[in-house]
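Asker: Let me give you the structure first, and then I'll get to my questions.
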Amino acid sequence: MNLGTPLALALLALPASLPAQVPPPVAASHAVRASVAHAVRTALPIRVDGRLDEEAWASARPLTGFTQVTPDEGAPASEATEARILYDGEALYVGFRLHDRGHVSTRLGRRDMDLGDADWVGLVIDSYHDHRTAVSFDLNPGGVRRDETKTDAGDDNSWDAVWQGAAARDTGGWTAEYRIPFSQLRFNPAAEQTWGLQLERIIGRRKEYAVLAFTPRKERGGIATYAHLTGLRDLHAGRRLEVLPYSVAKAEYVDPHADPYRGDRELGASAGLDLKYRVTPDLALAATLNPDFGQVEVDPATINLSAYETFYQDKRPFFVEGSEIFAFGGGGLPTGGDAFYTRRIGGRSSPLAPAGDSADVPALTRILGAAKLSGKTAGGWSLGVMEALTAREHARFRLAGADSGMLVEPLANFLVARARRDLREGASSVGWLATAVNRDLSTDALRAGLRSSAYTGGMDFRHEWAGRAWAVSGFAAGTRLGGSPSALLRAQQQPDRYFQRPDAAHLRVDSAATSMSGYSGRLSIEKQAGEHWSGGADVDAISPGFETNDLGYQRRGDRLDAQAYAAYAQRKPGRTFRSYRVDGSARLEHNYAGQKIYDSYDLSSHFQTPGYWAVTLEAGGGLRALDDRLTRGGPLAIRPGNWRVSAGVDSDPRRDVTGSGAVYWQQDGGGAWSYTASLSAGLKTSPRWNLSVGPVVTRGYNPAQLLGSEADDGAAATFGRRYVFARYMQTTVSMDTRLNYTFDPSLSLEVYAQPFVSRADFGGRVSLRAARTYDFDAYSGAIAVQDFEVRSVRGNAVLRWEWRTGSTLYLAWQQSRQAAAFAADIRTLRDGPALFDSRPDNVFLLKVSYWLNP
């Protein structure tokens with residue numbers, strides 16, 4: 001049943017099948033410019049308490065000469081910094097002496113908290129010395145730790161290594177001390193190592209960011225320009241195995257509604273296991289068995305009346321940690337999609353559900369286990385394979401007094417495999433991606449509703465030149481679905497393709513098809529460095545048959561895009577602005593019939609004042625075009641021209657009280673309009689806690705909200721079907737509230753709550769008069785709709801205690817309240833108290849893990 005594994009093995013075998021590789025040569029330009037730091041081996045003991053009073057530190061030569069990146073680019077750091085680097089047979093040690101003649105700013109918080117307005121010191125290591133990836137370890141004066149993986153595309157703080165860090169304050173400033181076991185780093189097995197190194201310091205009161213290896217912001221910086229760390233010899237990765245068993249106790253007090261199989265109080269317990277194993281110095285295996293992610297923050301509430309799925313970020317640690325190695329295509333797929341969307345694993349994929357309300361249907365699919373193998377070789381190969389297995393899920397239901405059941409989710413296997421070869425010190429790369437989903441469809445109902453298999457394969461590349469100031473990149477990918485004719489018919493008629501459109505000569509529904517294939521690609525060129533100017537252009541294609549939604553995320557196919565953009569930035573502080581940037585862009589979209597379906601022209605600007613206030617202004621619009629999605633499978637309509645404006649302001653983030661506000665307005669030539677107004681206030685009068693409150697109001701009017709369609713022989717102008725719409729007004733009020741309290745760096749409490757009210761008012765019903773128009777006639781047929789109102793409160797509180805190194809206790813409380821109502825009007829003052837009238841669902845969870853390194 002697991003057809004994906006041979007594909008993964010073939011990708012992993014690819015580097016071994018090629019001639020022996022040697023590490024890419026270091027470019028002369030970088031070798032000359034890079035500063036060199038030297039690590040000293042020691043046999044003396046070091047106690048990590050943040051005080052640097054051990055004899056061993058005197059043997060290391062201090063690293064000094066930090067340079068400001070902001071606010072005064074190129075100037076020496078305003079306060080002196082000294083760093084020393086030692087190592088022994090098990091770990092790397094780094095000590096910082098951070099002189100400060102002013103007030104040392106600190107803030108307590110949970111591990112991986114935002115940098116905020118505190119002082120910080122950072123150690124960044126490119127242990128592969130591939131000039132593309134690195135890991136970072138940060139400390140603030142309160143002893144709060146941050147760790148993350150880094151690429152030039154961004155940072156990922158979901159990675160949690162097992163390491164020690166401590167800080168101490170004194171009359172001369174503060175000191176920081178690190179111990180990072182080699183078992184937590186990945187490096188090649190050479191006897192003598194050279195690593196990339198960056199040391200960073202933030203002085204919060206000045207918003208000063210200074211580094212050891214400085215690159216002017218007009219140049220392409222990042223990992224490729226780090227200093228070199230030498231002196232590392234005969235390193236050993238240490239103990240290869242890390243085991244993290246955990247147990248979970250859960251109590252659920254929920255309203256079962258019409259579910260006859262659930263009570264209002266249910267207790268349960270489970271256990272699981274995470275493990276990491278260093279297969280070779282280059283490759284590491286991570287696995288999870290029977291995972292539980294009850295401590296993860298809940299998704300925010302939304303009301304979605306569009307044809308497209310809402311995208312939610314995955315917050316589950318196993319799936320987001322190290323996910324950068326699977327990134328494909330540079331900026332993802334066209335239309336805002338991605339070839340690999342980890343929330344597909346464990347989510348519901350089947351449309352099957354019992355008839356009626358007296359049923360118990362699983363909301364998610366249980367993950368039996370998942371594993372990923374990833375790493376880099378000395379020859380410049382980056383490799384990653386992830387595989388997961390999800391369980392069969394059954395629904396129970398009661399019909400006419402008799403109990404029955406049905407299979408609603410099949411046993412399914414998910415695989416993603418990635419290989420990338422870095423060249424020219426990381427300035428060039430070429431890579432491959434393959435994904436596979438295979439489902440065991442053991443019933444006729446499953447075979448009718450789900451694809452039995454889904455495969456994606458692709459290649460991407462990137463090439464930088466002229467000191468990395470210019471880059472060209474692109475990708476090409478293909479997909480193939482397999483399944484029964486009914487499952488493939490459903491795929492052809494889904495919102496991302498609508499093959500059934502009656503006036504689309506380039507599309508055809510094949511009711512006998514048992515497979516569907518498609519392709520996608522992009523080619524882009526970019527000027528990514530310069531004193532002031534940057535910009536680029538790209539062309540995208542995504543064919544009608546391209547489909548990644550079994551293991552990726554995709555909003556639509558059948559599109560050809562072209563866009564260009566340019567930006568002017570002034571980074572040197574002036575009398576009026578500390579910095580500013582102006583961006584302009586133009587975008588054109590066509591379908592495969594050559595019909596223009598969208599265009600967009602935008603101008604935006606961002607200004608920062610000398611007092612660190614920020615202002616953003618944006619304006620844009622689009623001309624009249626055709627709309628091949630308004631009727632959701634029906635004929636073309638007109639997309640009216642539109643325009644939009646927005647403005648936002650953010651206060652100085654260094655203050656104890658902060659605030660921000662934004663407004664957005666858009667309108668089109670057909671009468672549609674909407675606005676969003678948001679405010680946010682932050683309070684952090686104590687280093688131990690911070691509070692943020694952010695109300696958002698959105699209101700909009702749509703003269704053509706689709707209700708449905710019906711056959712009508714008199715509707716010749718719309719190909720024998722009448723497409724019915726309603727005038728539609730929606731008002732939504734929500735407020736995100738977050739409270740974080742830190743008792744000490746190992747014990748913290750995080751609280752999140754979101755009250756949410758959304759009201760939909762439907763007006764007169766109309767039908768589309770003719771294809772390729774935006775004209776409507778009154779309608780009085782059978783298709784109807786009712787006004788509605790949804791009220792909810794969602795939130796959770798998580799107490800996290802790292803009770804020993806690598807071992808964590810979570811105590812979590814999750815509550816949700818939701819009710820639907822029909823009312824004449826929305827009155828926020830009335831509905832505020834009413835949010836708490838509905839019966840709450842409460843879930844309590846205790847999760848304890850214990851880290852072992854046998």
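Labels used: A, B, ... for chains in the order of the structure tokens, numbers from 1 for residues in each chain, and numbers from 1 for ligands as shown.
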Need the shell around stretch 343-358 of chain A: protein/DNA/RNA residues with any atom at most 8 Å away, counting only C-alpha atoms. Skip same-chain ones fewer than 6 positions apart. Format as a list in words?

Answerer: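 Those residues are Ala258, Asp259, Pro260, Gln313, Asp314, Leu364, Thr365, Arg366, Ile367, Ala388, Thr390, Ala395, Arg396, Phe397, Arg398, Leu399, Met406, Val408, Glu409, Phe414, Ala445, Leu446, Gly449, Leu450, Asp550, Leu551 and Gly552 of chain A.
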
Asker: Applying 9 Å and only C-alpha atoms, which residues near A:Leu273 remain after dropping the ones on its own chain fewer than 2 positions away? List them as a ChimeraX atom specification.

Answerer: /A:243-247,271,275,287-291,849

Asker: Kindly save the residues from that selection, with N, CA, C and O atoms included, as a PDB file, in the first residue's frame.

Answerer:
```pdb
ATOM      1  N   VAL A 243      15.499  10.355  23.080  1.00  0.00           N
ATOM      2  CA  VAL A 243      14.166   9.775  23.222  1.00  0.00           C
ATOM      3  C   VAL A 243      13.340  10.700  24.108  1.00  0.00           C
ATOM      4  O   VAL A 243      13.814  11.156  25.159  1.00  0.00           O
ATOM      5  N   LEU A 244      12.116  10.983  23.669  1.00  0.00           N
ATOM      6  CA  LEU A 244      11.230  11.864  24.424  1.00  0.00           C
ATOM      7  C   LEU A 244       9.875  11.169  24.604  1.00  0.00           C
ATOM      8  O   LEU A 244       8.932  11.428  23.857  1.00  0.00           O
ATOM      9  N   PRO A 245       9.742  10.266  25.578  1.00  0.00           N
ATOM     10  CA  PRO A 245       8.423   9.685  25.854  1.00  0.00           C
ATOM     11  C   PRO A 245       7.536  10.718  26.540  1.00  0.00           C
ATOM     12  O   PRO A 245       8.022  11.595  27.270  1.00  0.00           O
ATOM     13  N   TYR A 246       6.233  10.615  26.327  1.00  0.00           N
ATOM     14  CA  TYR A 246       5.330  11.535  26.985  1.00  0.00           C
ATOM     15  C   TYR A 246       4.009  10.842  27.278  1.00  0.00           C
ATOM     16  O   TYR A 246       3.626   9.858  26.626  1.00  0.00           O
ATOM     17  N   SER A 247       3.339  11.339  28.274  1.00  0.00           N
ATOM     18  CA  SER A 247       2.014  10.838  28.640  1.00  0.00           C
ATOM     19  C   SER A 247       1.047  12.005  28.690  1.00  0.00           C
ATOM     20  O   SER A 247       1.430  13.138  28.994  1.00  0.00           O
ATOM     21  N   ALA A 271      -0.416   7.818  25.591  1.00  0.00           N
ATOM     22  CA  ALA A 271       1.032   7.968  25.674  1.00  0.00           C
ATOM     23  C   ALA A 271       1.593   7.955  24.263  1.00  0.00           C
ATOM     24  O   ALA A 271       0.978   7.428  23.328  1.00  0.00           O
ATOM     25  N   LEU A 275      11.358  10.639  18.982  1.00  0.00           N
ATOM     26  CA  LEU A 275      12.773  10.269  19.060  1.00  0.00           C
ATOM     27  C   LEU A 275      13.540  10.923  17.930  1.00  0.00           C
ATOM     28  O   LEU A 275      12.986  11.248  16.877  1.00  0.00           O
ATOM     29  N   ALA A 287      11.230  10.966  14.595  1.00  0.00           N
ATOM     30  CA  ALA A 287      10.004  10.192  14.464  1.00  0.00           C
ATOM     31  C   ALA A 287       9.074  10.519  15.620  1.00  0.00           C
ATOM     32  O   ALA A 287       9.512  10.931  16.708  1.00  0.00           O
ATOM     33  N   THR A 288       7.786  10.353  15.387  1.00  0.00           N
ATOM     34  CA  THR A 288       6.781  10.506  16.432  1.00  0.00           C
ATOM     35  C   THR A 288       5.763   9.392  16.303  1.00  0.00           C
ATOM     36  O   THR A 288       5.343   9.044  15.187  1.00  0.00           O
ATOM     37  N   LEU A 289       5.400   8.805  17.424  1.00  0.00           N
ATOM     38  CA  LEU A 289       4.414   7.734  17.479  1.00  0.00           C
ATOM     39  C   LEU A 289       3.241   8.190  18.333  1.00  0.00           C
ATOM     40  O   LEU A 289       3.429   8.669  19.456  1.00  0.00           O
ATOM     41  N   ASN A 290       2.053   8.063  17.770  1.00  0.00           N
ATOM     42  CA  ASN A 290       0.825   8.464  18.457  1.00  0.00           C
ATOM     43  C   ASN A 290       0.939   9.879  19.017  1.00  0.00           C
ATOM     44  O   ASN A 290       0.775  10.112  20.220  1.00  0.00           O
ATOM     45  N   PRO A 291       1.216  10.844  18.177  1.00  0.00           N
ATOM     46  CA  PRO A 291       1.457  12.205  18.682  1.00  0.00           C
ATOM     47  C   PRO A 291       0.199  12.857  19.222  1.00  0.00           C
ATOM     48  O   PRO A 291      -0.924  12.549  18.803  1.00  0.00           O
ATOM     49  N   SER A 849       6.576  15.304  29.361  1.00  0.00           N
ATOM     50  CA  SER A 849       7.594  14.624  28.559  1.00  0.00           C
ATOM     51  C   SER A 849       8.891  14.542  29.351  1.00  0.00           C
ATOM     52  O   SER A 849       9.141  15.353  30.258  1.00  0.00           O
TER      53      SER A 849
END
```

Asker: Would you mind telling me which residue in A:Gly781, A:Gly670, A:Gly272, A:Pro854 lies nearest to A:Leu241 when using only C-alpha atoms?

Answerer: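 Nearest to A:Leu241: A:Pro854.
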
Asker: One number please: atom CA of A:Val430 to atom CA of A:Ser35, in Å, one decimal.

Answerer: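 Here the two named atoms are 29.0 Å from each other.
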
Asker: Which residue gives the smallest distance to A:Ala564 among A:Glu547, A:Gln184, A:Ile525, A:Ala190, with only C-alpha atoms counted?

Answerer: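 Once distances to A:Ala564 are computed over only C-alpha atoms, the minimum belongs to A:Ile525.
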
Asker: Give the strand (DSSP E or B) residues of stretch 396-609 of chain A, as DSSP finds them on the backbone, and put them as a PyMOL selection string.

Answerer: chain A and resi 396-399+402-409+411-423+428-440+453-465+470-482+515-527+533-542+553+559-570+579-590+596-608

Asker: Nearest to A:Ala471 among A:Arg47, A:Arg61, A:Arg220, A:Arg839, with distances taken over only C-alpha atoms: which residue is it?

Answerer: A:Arg220

Asker: For stretch 490-494 of chain A, please output as a PyMOL selection string all residues within 12 Å (counting only C-alpha atoms; exclusion window: fewer than 4 positions along the same chain).

Answerer: chain A and resi 307-309+351+447-451+454+480-486+498-501+507-518+544-550+554-558+629+632-634

Asker: Give me, as a ChimeraX atom specification, all polymer residues having an atom no more than 10 Å from A:Thr731, counting only C-alpha atoms and skipping those fewer than 6 positions away in the same chain.

Answerer: /A:674-676,697-701,757-761,789,826

Asker: Based on the selection just made, write C-alpha atoms of those residues as a PDB file, in the first residue's frame.

Answerer:
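Writing the result to out37.pdb gives the following:
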```
ATOM      1  CA  SER A 674     -15.847  46.773   2.120  1.00  0.00           C
ATOM      2  CA  TYR A 675     -13.756  48.246   4.879  1.00  0.00           C
ATOM      3  CA  THR A 676     -11.694  46.932   7.766  1.00  0.00           C
ATOM      4  CA  VAL A 697     -14.275  45.488  12.596  1.00  0.00           C
ATOM      5  CA  THR A 698     -14.991  44.420   9.029  1.00  0.00           C
ATOM      6  CA  ARG A 699     -18.079  45.452   7.065  1.00  0.00           C
ATOM      7  CA  GLY A 700     -18.820  44.847   3.431  1.00  0.00           C
ATOM      8  CA  TYR A 701     -21.517  44.853   0.782  1.00  0.00           C
ATOM      9  CA  VAL A 757     -19.517  38.013  16.157  1.00  0.00           C
ATOM     10  CA  SER A 758     -20.478  37.926  12.487  1.00  0.00           C
ATOM     11  CA  ARG A 759     -23.803  38.974  11.005  1.00  0.00           C
ATOM     12  CA  ALA A 760     -24.966  38.305   7.431  1.00  0.00           C
ATOM     13  CA  ASP A 761     -27.928  40.199   5.973  1.00  0.00           C
ATOM     14  CA  GLU A 789     -25.563  35.522  12.927  1.00  0.00           C
ATOM     15  CA  ILE A 826     -26.318  43.154  14.944  1.00  0.00           C
TER      16      ILE A 826
END
```

Asker: I need the residues of stretch 136-375 of chain A that end up classed as helix (DSSP H, G or I) by DSSP on the backbone, written out as a ChimeraX atom specification.

Answerer: /A:182-184,204-206,223-225,317-320,323-326,334-336,342-344
